[in-house]
>>> print(open('query-v5.txt').read())   # compact mmCIF, C-alpha atoms
# COMPACT_ATOMS: atom_id res chain seq x y z
CA MET A 580 -5.20 81.81 14.50
CA ALA A 581 -4.06 83.33 11.22
CA GLN A 582 -7.06 83.67 8.97
CA ALA A 583 -5.08 82.85 5.83
CA GLN A 584 -6.66 83.77 2.53
CA THR A 585 -5.74 82.54 -0.92
CA GLU A 586 -5.03 85.65 -2.95
CA ASN A 587 -3.90 83.87 -6.11
CA LYS A 588 -5.82 85.60 -8.89
CA LEU A 589 -5.20 82.77 -11.35
CA ASP A 590 -8.07 80.40 -12.06
CA PRO A 591 -7.23 77.04 -10.42
CA VAL A 592 -8.81 75.22 -13.40
CA VAL A 593 -6.35 77.03 -15.67
CA LEU A 594 -3.48 76.16 -13.32
CA ALA A 595 -4.50 72.50 -13.47
CA ALA A 596 -4.68 72.57 -17.27
CA GLU A 597 -1.22 74.16 -17.46
CA LEU A 598 0.23 71.24 -15.48
CA ARG A 599 -0.97 68.70 -18.07
CA PRO A 600 2.30 68.52 -20.08
CA LEU A 601 4.43 68.02 -16.95
CA LEU A 602 2.12 65.38 -15.53
CA ALA A 603 1.93 63.54 -18.86
CA ARG A 604 5.71 63.58 -19.18
CA ASN A 605 6.06 61.98 -15.73
CA ALA A 606 3.16 59.52 -15.99
CA VAL A 607 5.37 56.54 -16.83
CA GLN A 608 7.65 57.32 -13.88
CA ALA A 609 4.65 57.57 -11.54
CA GLU A 610 3.48 54.14 -12.64
CA ARG A 611 6.95 52.63 -12.38
CA ASP A 612 7.69 54.11 -8.94
CA ARG A 613 4.16 53.40 -7.62
CA ARG A 614 3.99 56.92 -6.23
CA LEU A 615 3.98 60.46 -7.58
CA PRO A 616 7.32 61.91 -8.69
CA ALA A 617 8.57 64.69 -6.43
CA GLU A 618 8.30 67.12 -9.35
CA ASN A 619 4.56 66.47 -9.61
CA VAL A 620 3.99 66.93 -5.87
CA GLU A 621 5.99 70.16 -5.85
CA ALA A 622 4.07 71.55 -8.83
CA LEU A 623 0.70 70.65 -7.35
CA GLN A 624 1.72 72.16 -4.01
CA ALA A 625 2.99 75.35 -5.66
CA ALA A 626 -0.39 75.78 -7.37
CA ASN A 627 -2.14 75.09 -4.01
CA LEU A 628 -4.22 72.41 -5.73
CA PHE A 629 -4.13 70.08 -2.74
CA LYS A 630 -6.32 72.72 -1.05
CA VAL A 631 -8.93 73.09 -3.76
CA MET A 632 -11.72 72.06 -1.39
CA MET A 633 -10.25 73.64 1.73
CA PRO A 634 -12.17 76.61 3.11
CA ARG A 635 -10.52 80.00 2.78
CA ARG A 636 -10.12 80.28 6.53
CA TRP A 637 -7.28 77.76 6.27
CA GLY A 638 -5.65 79.06 3.09
CA GLY A 639 -7.66 76.99 0.63
CA TYR A 640 -9.26 78.09 -2.60
CA GLY A 641 -12.72 77.60 -1.17
CA ALA A 642 -13.61 76.52 -4.70
CA THR A 643 -17.15 75.51 -5.53
CA LEU A 644 -17.79 71.81 -5.96
CA PRO A 645 -18.25 72.10 -9.76
CA THR A 646 -14.92 73.93 -9.94
CA ALA A 647 -13.21 71.21 -7.92
CA LEU A 648 -14.53 68.56 -10.32
CA ASN A 649 -13.19 70.52 -13.27
CA ILE A 650 -9.76 70.74 -11.64
CA PHE A 651 -9.50 67.02 -10.91
CA ALA A 652 -10.66 66.19 -14.45
CA GLU A 653 -8.07 68.52 -15.98
CA LEU A 654 -5.26 66.94 -13.96
CA ALA A 655 -6.37 63.46 -15.05
CA LYS A 656 -5.84 64.40 -18.70
CA GLY A 657 -2.13 64.50 -17.90
CA CYS A 658 -1.78 61.78 -15.26
CA SER A 659 -4.56 59.70 -13.75
CA SER A 660 -2.64 58.93 -10.57
CA SER A 661 -1.70 62.57 -9.97
CA SER A 662 -5.34 63.57 -10.32
CA TRP A 663 -6.50 60.79 -7.99
CA VAL A 664 -3.98 61.67 -5.28
CA THR A 665 -4.83 65.38 -5.56
CA MET A 666 -8.53 64.53 -5.32
CA ILE A 667 -8.03 62.26 -2.31
CA ILE A 668 -5.76 64.67 -0.42
CA GLY A 669 -8.01 67.58 -1.35
CA GLY A 670 -11.07 65.69 -0.15
CA LEU A 671 -9.41 64.61 3.09
CA ASN A 672 -8.16 68.14 3.78
CA TRP A 673 -11.81 69.14 3.48
CA TRP A 674 -12.85 66.32 5.85
CA ALA A 675 -10.38 67.57 8.44
CA SER A 676 -11.78 71.09 8.08
CA LEU A 677 -15.03 69.69 9.54
CA LEU A 678 -13.36 68.71 12.83
CA PRO A 679 -14.11 70.44 16.13
CA ASP A 680 -12.49 73.87 16.42
CA ARG A 681 -9.47 72.66 18.37
CA GLY A 682 -8.80 69.87 15.88
CA GLN A 683 -8.87 72.27 12.94
CA GLU A 684 -6.49 74.61 14.72
CA GLU A 685 -4.06 71.84 15.61
CA MET A 686 -3.89 70.55 12.05
CA PHE A 687 -4.02 73.76 10.03
CA ALA A 688 -3.24 76.92 12.02
CA ASN A 689 0.55 76.62 11.89
CA SER A 690 1.03 74.20 8.99
CA PRO A 691 0.37 75.78 5.60
CA ASP A 692 1.41 72.66 3.65
CA VAL A 693 -0.80 70.09 5.37
CA ARG A 694 -1.71 67.07 3.26
CA VAL A 695 -4.10 64.44 4.61
CA CYS A 696 -4.77 60.87 3.47
CA ALA A 697 -7.12 58.32 5.01
CA ALA A 698 -8.35 54.75 4.92
CA SER A 699 -11.09 52.83 6.66
CA SER A 700 -11.53 49.36 8.08
CA ALA A 701 -14.82 47.54 8.42
CA THR A 702 -13.49 45.52 11.36
CA VAL A 703 -11.29 47.85 13.43
CA VAL A 704 -12.98 49.29 16.52
CA GLY A 705 -11.80 52.48 18.18
CA ARG A 706 -11.34 51.75 21.89
CA ARG A 707 -12.72 54.54 24.07
CA VAL A 708 -10.27 55.87 26.68
CA ASP A 709 -10.16 59.04 28.71
CA GLY A 710 -10.03 61.98 26.31
CA GLY A 711 -10.11 60.08 23.04
CA LEU A 712 -9.63 56.77 21.25
CA ARG A 713 -6.96 54.11 21.11
CA ILE A 714 -6.69 52.59 17.63
CA SER A 715 -4.85 49.48 16.48
CA GLY A 716 -5.21 47.83 13.10
CA LYS A 717 -4.50 47.92 9.39
CA PHE A 718 -6.15 50.36 6.99
CA PRO A 719 -5.67 49.52 3.29
CA PHE A 720 -5.94 51.72 0.19
CA ALA A 721 -4.62 54.98 1.66
CA SER A 722 -4.04 56.85 -1.60
CA GLY A 723 -1.37 59.53 -1.38
CA CYS A 724 0.03 58.28 1.93
CA TRP A 725 3.65 58.73 0.77
CA HIS A 726 2.97 62.44 0.31
CA SER A 727 0.83 63.14 3.39
CA SER A 728 1.56 64.60 6.80
CA TRP A 729 -1.59 63.25 8.48
CA GLY A 730 -3.50 59.99 8.21
CA GLY A 731 -7.19 59.49 8.87
CA LEU A 732 -8.26 56.15 10.35
CA GLY A 733 -11.88 55.18 9.75
CA VAL A 734 -13.09 52.95 12.60
CA GLN A 735 -16.28 51.75 14.20
CA ILE A 736 -17.43 52.76 17.66
CA GLU A 737 -19.15 50.29 19.98
CA ASP A 738 -21.21 50.70 23.12
CA ASP A 739 -20.68 48.75 26.35
CA ALA A 740 -22.57 45.80 24.88
CA HIS A 741 -20.19 45.76 21.88
CA SER A 742 -22.88 46.85 19.47
CA VAL A 743 -21.75 49.22 16.72
CA VAL A 744 -23.24 52.65 17.39
CA GLY A 745 -21.36 54.83 14.93
CA GLN A 746 -18.43 55.43 12.63
CA VAL A 747 -15.68 57.99 13.03
CA VAL A 748 -12.41 59.04 11.45
CA GLY A 749 -9.53 59.73 13.80
CA PHE A 750 -6.66 61.85 12.46
CA ALA A 751 -3.10 61.10 13.54
CA PRO A 752 0.26 62.49 12.39
CA ILE A 753 1.67 60.22 9.70
CA SER A 754 4.80 59.94 11.86
CA GLU A 755 2.74 57.96 14.40
CA LEU A 756 1.68 55.44 11.75
CA GLU A 757 3.48 52.90 9.63
CA ILE A 758 3.06 52.52 5.88
CA GLU A 759 2.98 48.94 4.67
CA ASP A 760 3.89 48.75 0.97
CA THR A 761 0.97 46.76 -0.44
CA TRP A 762 -0.10 48.63 -3.59
CA PHE A 763 0.75 46.24 -6.46
CA VAL A 764 -2.06 46.66 -8.96
CA ALA A 765 -2.98 46.78 -12.65
CA GLY A 766 -4.04 50.43 -12.76
CA MET A 767 -3.75 53.69 -10.85
CA CYS A 768 -0.32 52.37 -9.91
CA GLY A 769 1.10 55.80 -9.08
CA THR A 770 -1.40 56.55 -6.34
CA GLY A 771 0.65 54.67 -3.76
CA SER A 772 -2.57 53.46 -2.12
CA ASN A 773 -0.77 51.43 0.52
CA THR A 774 -1.84 50.25 3.97
CA LEU A 775 -1.67 52.44 7.06
CA VAL A 776 -0.81 50.53 10.21
CA ALA A 777 -1.78 51.86 13.63
CA LYS A 778 -0.28 50.31 16.77
CA ASP A 779 -2.12 51.55 19.85
CA VAL A 780 -2.28 55.09 18.48
CA PHE A 781 -4.01 57.64 20.70
CA VAL A 782 -6.33 60.09 18.92
CA PRO A 783 -7.77 62.86 21.10
CA ASP A 784 -11.45 63.66 20.82
CA HIS A 785 -10.79 66.98 19.08
CA ARG A 786 -9.24 65.06 16.17
CA VAL A 787 -12.14 62.63 15.84
CA LEU A 788 -14.64 63.33 13.05
CA PRO A 789 -18.06 61.81 13.81
CA THR A 790 -18.95 60.77 10.26
CA THR A 791 -22.28 59.30 11.32
CA LYS A 792 -23.36 62.75 12.50
CA ILE A 793 -21.71 64.58 9.58
CA LEU A 794 -23.85 62.54 7.17
CA ASN A 795 -26.92 64.11 8.80
CA GLY A 796 -25.54 67.63 8.65
CA GLU A 797 -24.46 67.83 12.30
CA HIS A 798 -21.07 69.55 12.60
CA PRO A 799 -18.99 69.82 15.80
CA ALA A 800 -17.26 73.13 15.00
CA GLN A 801 -18.62 76.37 16.44
CA ARG A 802 -16.06 79.08 15.61
CA HIS A 803 -14.42 77.68 12.48
CA TYR A 804 -17.55 77.17 10.50
CA GLY A 805 -19.77 78.92 7.99
CA GLU A 806 -18.31 78.47 4.51
CA PRO A 807 -20.27 76.52 1.87
CA SER A 808 -18.00 73.46 2.08
CA ASP A 809 -18.95 73.10 5.75
CA ASN A 810 -22.50 72.34 4.63
CA TYR A 811 -21.90 69.95 1.72
CA ALA A 812 -23.99 66.79 1.70
CA PHE A 813 -21.08 64.61 2.80
CA SER A 814 -21.70 61.38 0.90
CA ALA A 815 -22.90 63.15 -2.25
CA ALA A 816 -19.86 65.42 -2.45
CA ASN A 817 -17.46 62.52 -1.90
CA SER A 818 -19.08 60.42 -4.61
CA LEU A 819 -18.96 63.27 -7.10
CA ILE A 820 -15.30 64.09 -6.62
CA GLY A 821 -14.53 60.36 -6.85
CA VAL A 822 -15.77 60.08 -10.42
CA SER A 823 -14.19 63.33 -11.66
CA PRO A 824 -10.73 61.92 -12.53
CA VAL A 825 -12.35 59.33 -14.81
CA LEU A 826 -14.16 62.10 -16.68
CA GLY A 827 -10.74 63.59 -17.46
CA ILE A 828 -9.25 60.21 -18.40
CA ALA A 829 -12.11 59.52 -20.81
CA GLN A 830 -11.73 62.94 -22.45
CA ALA A 831 -7.97 62.43 -22.87
CA MET A 832 -8.56 58.99 -24.41
CA LEU A 833 -11.08 60.49 -26.83
CA GLU A 834 -8.58 63.13 -27.93
CA LYS A 835 -5.84 60.53 -28.38
CA VAL A 836 -8.05 58.16 -30.36
CA ILE A 837 -9.36 60.94 -32.62
CA ASP A 838 -5.77 61.95 -33.43
CA GLY A 839 -4.95 58.34 -34.28
CA THR A 840 -7.87 57.95 -36.70
CA ARG A 841 -6.25 60.51 -39.01
CA THR A 842 -3.06 58.49 -39.50
CA ARG A 843 -4.06 54.89 -38.79
CA GLY A 844 -5.71 52.64 -41.34
CA ILE A 845 -8.00 49.66 -40.76
CA THR A 846 -6.23 46.35 -41.28
CA PHE A 847 -7.62 44.04 -43.98
CA THR A 848 -9.79 46.81 -45.45
CA THR A 849 -9.32 49.48 -48.11
CA TYR A 850 -9.39 52.25 -45.49
CA THR A 851 -6.02 54.00 -45.22
CA ARG A 852 -7.49 56.43 -42.69
CA GLN A 853 -9.73 55.18 -39.92
CA ALA A 854 -11.37 58.62 -39.88
CA ASP A 855 -12.94 57.91 -43.28
CA SER A 856 -14.84 54.87 -42.00
CA ALA A 857 -18.54 55.38 -41.28
CA VAL A 858 -18.31 52.80 -38.49
CA ALA A 859 -15.46 54.70 -36.82
CA GLN A 860 -17.34 57.98 -37.21
CA HIS A 861 -20.38 56.48 -35.52
CA GLU A 862 -18.31 54.98 -32.68
CA ILE A 863 -16.42 58.22 -32.04
CA ALA A 864 -19.65 60.24 -32.00
CA GLU A 865 -21.25 57.83 -29.53
CA ALA A 866 -18.18 57.89 -27.27
CA ALA A 867 -18.10 61.70 -27.28
CA LEU A 868 -21.79 61.91 -26.44
CA GLN A 869 -21.49 59.36 -23.63
CA ILE A 870 -18.71 61.44 -22.07
CA ASP A 871 -20.85 64.57 -22.45
CA SER A 872 -23.81 62.78 -20.87
CA ALA A 873 -21.77 61.63 -17.88
CA TRP A 874 -20.29 65.11 -17.50
CA LEU A 875 -23.68 66.83 -17.61
CA LEU A 876 -25.18 64.44 -15.05
CA VAL A 877 -22.28 64.88 -12.65
CA MET A 878 -22.06 68.65 -13.00
CA ARG A 879 -25.80 69.10 -12.51
CA ALA A 880 -25.62 67.11 -9.29
CA ALA A 881 -22.54 69.06 -8.15
CA ALA A 882 -24.42 72.32 -8.72
CA GLU A 883 -27.34 71.01 -6.63
CA VAL A 884 -25.02 70.09 -3.75
CA GLU A 885 -23.29 73.46 -3.99
CA ASP A 886 -26.54 75.44 -4.12
CA ALA A 887 -27.99 73.64 -1.11
CA ALA A 888 -24.80 74.23 0.89
CA ALA A 889 -24.61 77.90 -0.05
CA ALA A 890 -28.21 78.32 1.12
CA GLY A 891 -27.46 76.48 4.38
CA LYS A 892 -29.96 73.76 3.54
CA GLN A 893 -29.65 70.02 4.14
CA MET A 894 -30.41 67.88 1.07
CA ASP A 895 -33.14 65.37 1.80
CA TYR A 896 -32.49 61.64 1.92
CA VAL A 897 -33.84 60.75 -1.53
CA ASP A 898 -31.90 63.56 -3.20
CA ARG A 899 -28.69 62.40 -1.54
CA ALA A 900 -29.39 58.83 -2.59
CA ARG A 901 -30.08 60.06 -6.12
CA VAL A 902 -26.57 61.51 -6.30
CA ARG A 903 -25.15 58.09 -5.37
CA GLY A 904 -27.24 56.50 -8.11
CA LEU A 905 -26.35 59.20 -10.60
CA VAL A 906 -22.63 58.79 -9.98
CA GLY A 907 -22.98 55.05 -10.47
CA TYR A 908 -24.83 55.59 -13.74
CA ALA A 909 -22.20 58.07 -14.94
CA ALA A 910 -19.56 55.47 -14.05
CA LYS A 911 -21.40 52.92 -16.20
CA LEU A 912 -21.37 55.30 -19.16
CA LEU A 913 -17.69 56.03 -18.67
CA ARG A 914 -16.74 52.37 -18.35
CA GLU A 915 -18.53 51.59 -21.63
CA THR A 916 -16.85 54.58 -23.26
CA VAL A 917 -13.25 53.84 -22.26
CA ASP A 918 -13.70 50.22 -23.34
CA ALA A 919 -15.04 51.35 -26.73
CA LEU A 920 -12.24 53.87 -27.16
CA ALA A 921 -9.62 51.23 -26.36
CA SER A 922 -11.13 49.06 -29.09
CA ILE A 923 -11.22 51.91 -31.61
CA GLY A 924 -7.59 52.65 -30.78
CA GLY A 925 -6.71 49.16 -31.92
CA ALA A 926 -4.05 46.69 -30.87
CA SER A 927 -1.31 49.31 -31.11
CA GLY A 928 -2.95 51.13 -28.23
CA PHE A 929 -2.00 48.27 -25.93
CA ALA A 930 1.71 48.64 -26.56
CA ASP A 931 3.71 49.56 -23.45
CA SER A 932 4.72 52.79 -25.20
CA SER A 933 1.10 53.90 -25.71
CA PRO A 934 -0.59 56.03 -23.04
CA LEU A 935 -3.95 54.60 -24.15
CA GLN A 936 -3.44 51.27 -22.38
CA ARG A 937 -2.44 53.03 -19.15
CA MET A 938 -5.47 55.33 -19.30
CA TRP A 939 -7.73 52.34 -19.93
CA ARG A 940 -6.30 50.42 -16.97
CA ASP A 941 -6.44 53.47 -14.71
CA ALA A 942 -10.07 54.20 -15.57
CA ASN A 943 -11.16 50.60 -15.02
CA VAL A 944 -9.48 50.44 -11.60
CA ALA A 945 -10.87 53.82 -10.50
CA LEU A 946 -14.39 52.85 -11.56
CA ARG A 947 -14.34 49.93 -9.12
CA HIS A 948 -14.12 52.26 -6.12
CA GLY A 949 -16.96 51.70 -3.68
CA LEU A 950 -18.31 55.26 -3.93
CA VAL A 951 -18.31 55.16 -7.74
CA ASN A 952 -19.28 51.60 -8.65
CA ASN A 953 -22.49 51.43 -10.68
CA ASP A 954 -24.53 48.60 -9.15
CA PRO A 955 -24.40 49.65 -5.46
CA GLY A 956 -25.20 53.24 -6.45
CA LEU A 957 -28.31 52.19 -8.35
CA GLU A 958 -29.45 49.90 -5.54
CA ILE A 959 -29.02 52.71 -3.00
CA TYR A 960 -31.16 55.06 -5.10
CA GLY A 961 -33.72 52.40 -5.98
CA ARG A 962 -34.26 51.49 -2.33
CA ALA A 963 -34.67 55.15 -1.46
CA LEU A 964 -37.28 55.58 -4.21
CA LEU A 965 -39.23 52.41 -3.44
CA GLY A 966 -39.03 52.70 0.32
CA PRO A 967 -37.90 49.28 1.63
CA GLU A 968 -36.88 49.65 5.24
CA GLY A 969 -33.21 50.56 5.66
CA ASN A 970 -30.59 50.72 2.98
CA ILE A 971 -27.38 48.91 2.11
CA THR A 972 -25.14 51.62 3.60
CA PRO A 973 -25.38 54.52 6.04
CA PHE A 974 -23.12 56.54 3.71
CA ILE A 975 -25.91 58.50 2.02
>>> encode(input="query-v5.txt", output="structure tokens")
Amino acid sequence: MAQAQTENKLDPVVLAAELRPLLARNAVQAERDRRLPAENVEALQAANLFKVMMPRRWGGYGATLPTALNIFAELAKGCSSSSWVTMIIGGLNWWASLLPDRGQEEMFANSPDVRVCAASSATVVGRRVDGGLRISGKFPFASGCWHSSWGGLGVQIEDDAHSVVGQVVGFAPISELEIEDTWFVAGMCGTGSNTLVAKDVFVPDHRVLPTTKILNGEHPAQRHYGEPSDNYAFSAANSLIGVSPVLGIAQAMLEKVIDGTRTRGITFTTYTRQADSAVAQHEIAEAALQIDSAWLLVMRAAAEVEDAAAAGKQMDYVDRARVRGLVGYAAKLLRETVDALASIGGASGFADSSPLQRMWRDANVALRHGLVNNDPGLEIYGRALLGPEGNITPFI
């Protein structure tokens, strides 16, 4: 195995920021085509940003979790969909780096440009056969599938009595799957989050990630193991990266709205500049502070996950549940903020030619993702604090 190392001396956060003009220029095309333009994919690949969370042993940046969040937020300032796809592929590349040794080698040793997407089904069961699983079913919301070389299929595993005993993700070459074009939505249109279709696909055991065990810090790899990302609290890290694009969207909306207040008046008032209005000043200050609050909460949690992983420690159950609650609370702040900013931006911000309306739609769609949504996150944390038996999800 070639122990590839990323020698790029440039800061990946800076590289992401430098892509903002290109991504912003192509944002309308991404939305219209319902997938990322080839120019975006090539630029992201050239900067190695699909491998932000990949360990260095497979040519990734091996970036810290706070750094990864910064990168995804920077990309979102230019194009929400490009950031989301980069985050999803980056996160799934990291998932695959947790596979057994042979699975990692098969996917990464001889393929420097690997890109992985994934989707799960609550009803599909992986059928156990000699040496692996047989999987048939449909898996919706596979962001980035048009640009991926592998697809992860999240399925349930049953025992002989047909009782669910675990959850796994089986990775198959995208060439063995079909993509059903189903992504017709109001926001995040360019993510191409279509449906993966598996028809009796065989996935060998070495390409099966036992997520139930990963959640408890049990990893199957023995040789290809030992970097901080191998020890991340799985659910916590996934929740944190999921909210990071919206942090960037909110910041970009704030910048856009502030610029507009200097040239836009307030209809039916004597204000010729919105910036001179005390009400607008108050609203802008509150929006800026809500974004800062969400950012500080998320980055503090990311640092805690990173520090625990670097020390080789497993975060305890309540701390992991707290991250889920914290992400949900940050999402609540961000949803209130982007709604307020859209209102401050006025009716002109909803013109097709305005990026504000696209940012607002993108943020509101992203914030409905299951790992980010406010109410489930707070319930998960509240149950962990109060101690009722069980919880509403094993993904903690």
>>> closest_residue(input="query-v5.txt", among="A:Ser922, A:Ser660, A:Thr702, A:Gln830", to="Cys768 in chain A", atoms="only C-alpha atoms")
A:Ser660
>>> atom_distance(input="query-v5.txt", atom1="CA of Ile714 in chain A", atom2="CA of Cys696 in chain A")
16.5 Å
>>> closest_residue(input="query-v5.txt", among="A:Arg841, A:Lys835, A:Arg852, A:His798", to="Ser933 in chain A", atoms="only C-alpha atoms")
A:Lys835
>>> atom_distance(input="query-v5.txt", atom1="CA of Lys792 in chain A", atom2="CA of Gly745 in chain A")
8.5 Å
>>> residues_near_point(input="query-v5.txt", point="(-3.3, 55.9, -1.6)", cutoff="12 Å", atoms="all atoms listed in the file", output="ChimeraX atom specification")
/A:613-615,660-668,671,695-699,718-727,730-731,758-764,767-775,945
>>> residues_around(input="query-v5.txt", residues="Lys630 in chain A", least_positions_apart="3", cutoff="6 Å", atoms="all atoms listed in the file", output="VMD selection string")
chain A and resid 627 633 639 669
>>> write_last_selection(input="query-v5.txt", atoms="C-alpha atoms", output="compact mmCIF listing (two decimals), in the frame of the given file")
# COMPACT_ATOMS: atom_id res chain seq x y z
CA ASN A 627 -2.14 75.09 -4.01
CA MET A 633 -10.25 73.64 1.73
CA GLY A 639 -7.66 76.99 0.63
CA GLY A 669 -8.01 67.58 -1.35
>>> atom_distance(input="query-v5.txt", atom1="CA of Ala606 in chain A", atom2="CA of Cys658 in chain A")
5.5 Å
>>> residues_around(input="query-v5.txt", residues="Pro824 in chain A", least_positions_apart="6", cutoff="6 Å", atoms="all atoms listed in the file", output="PyMOL selection string")
chain A and resi 651-652+655
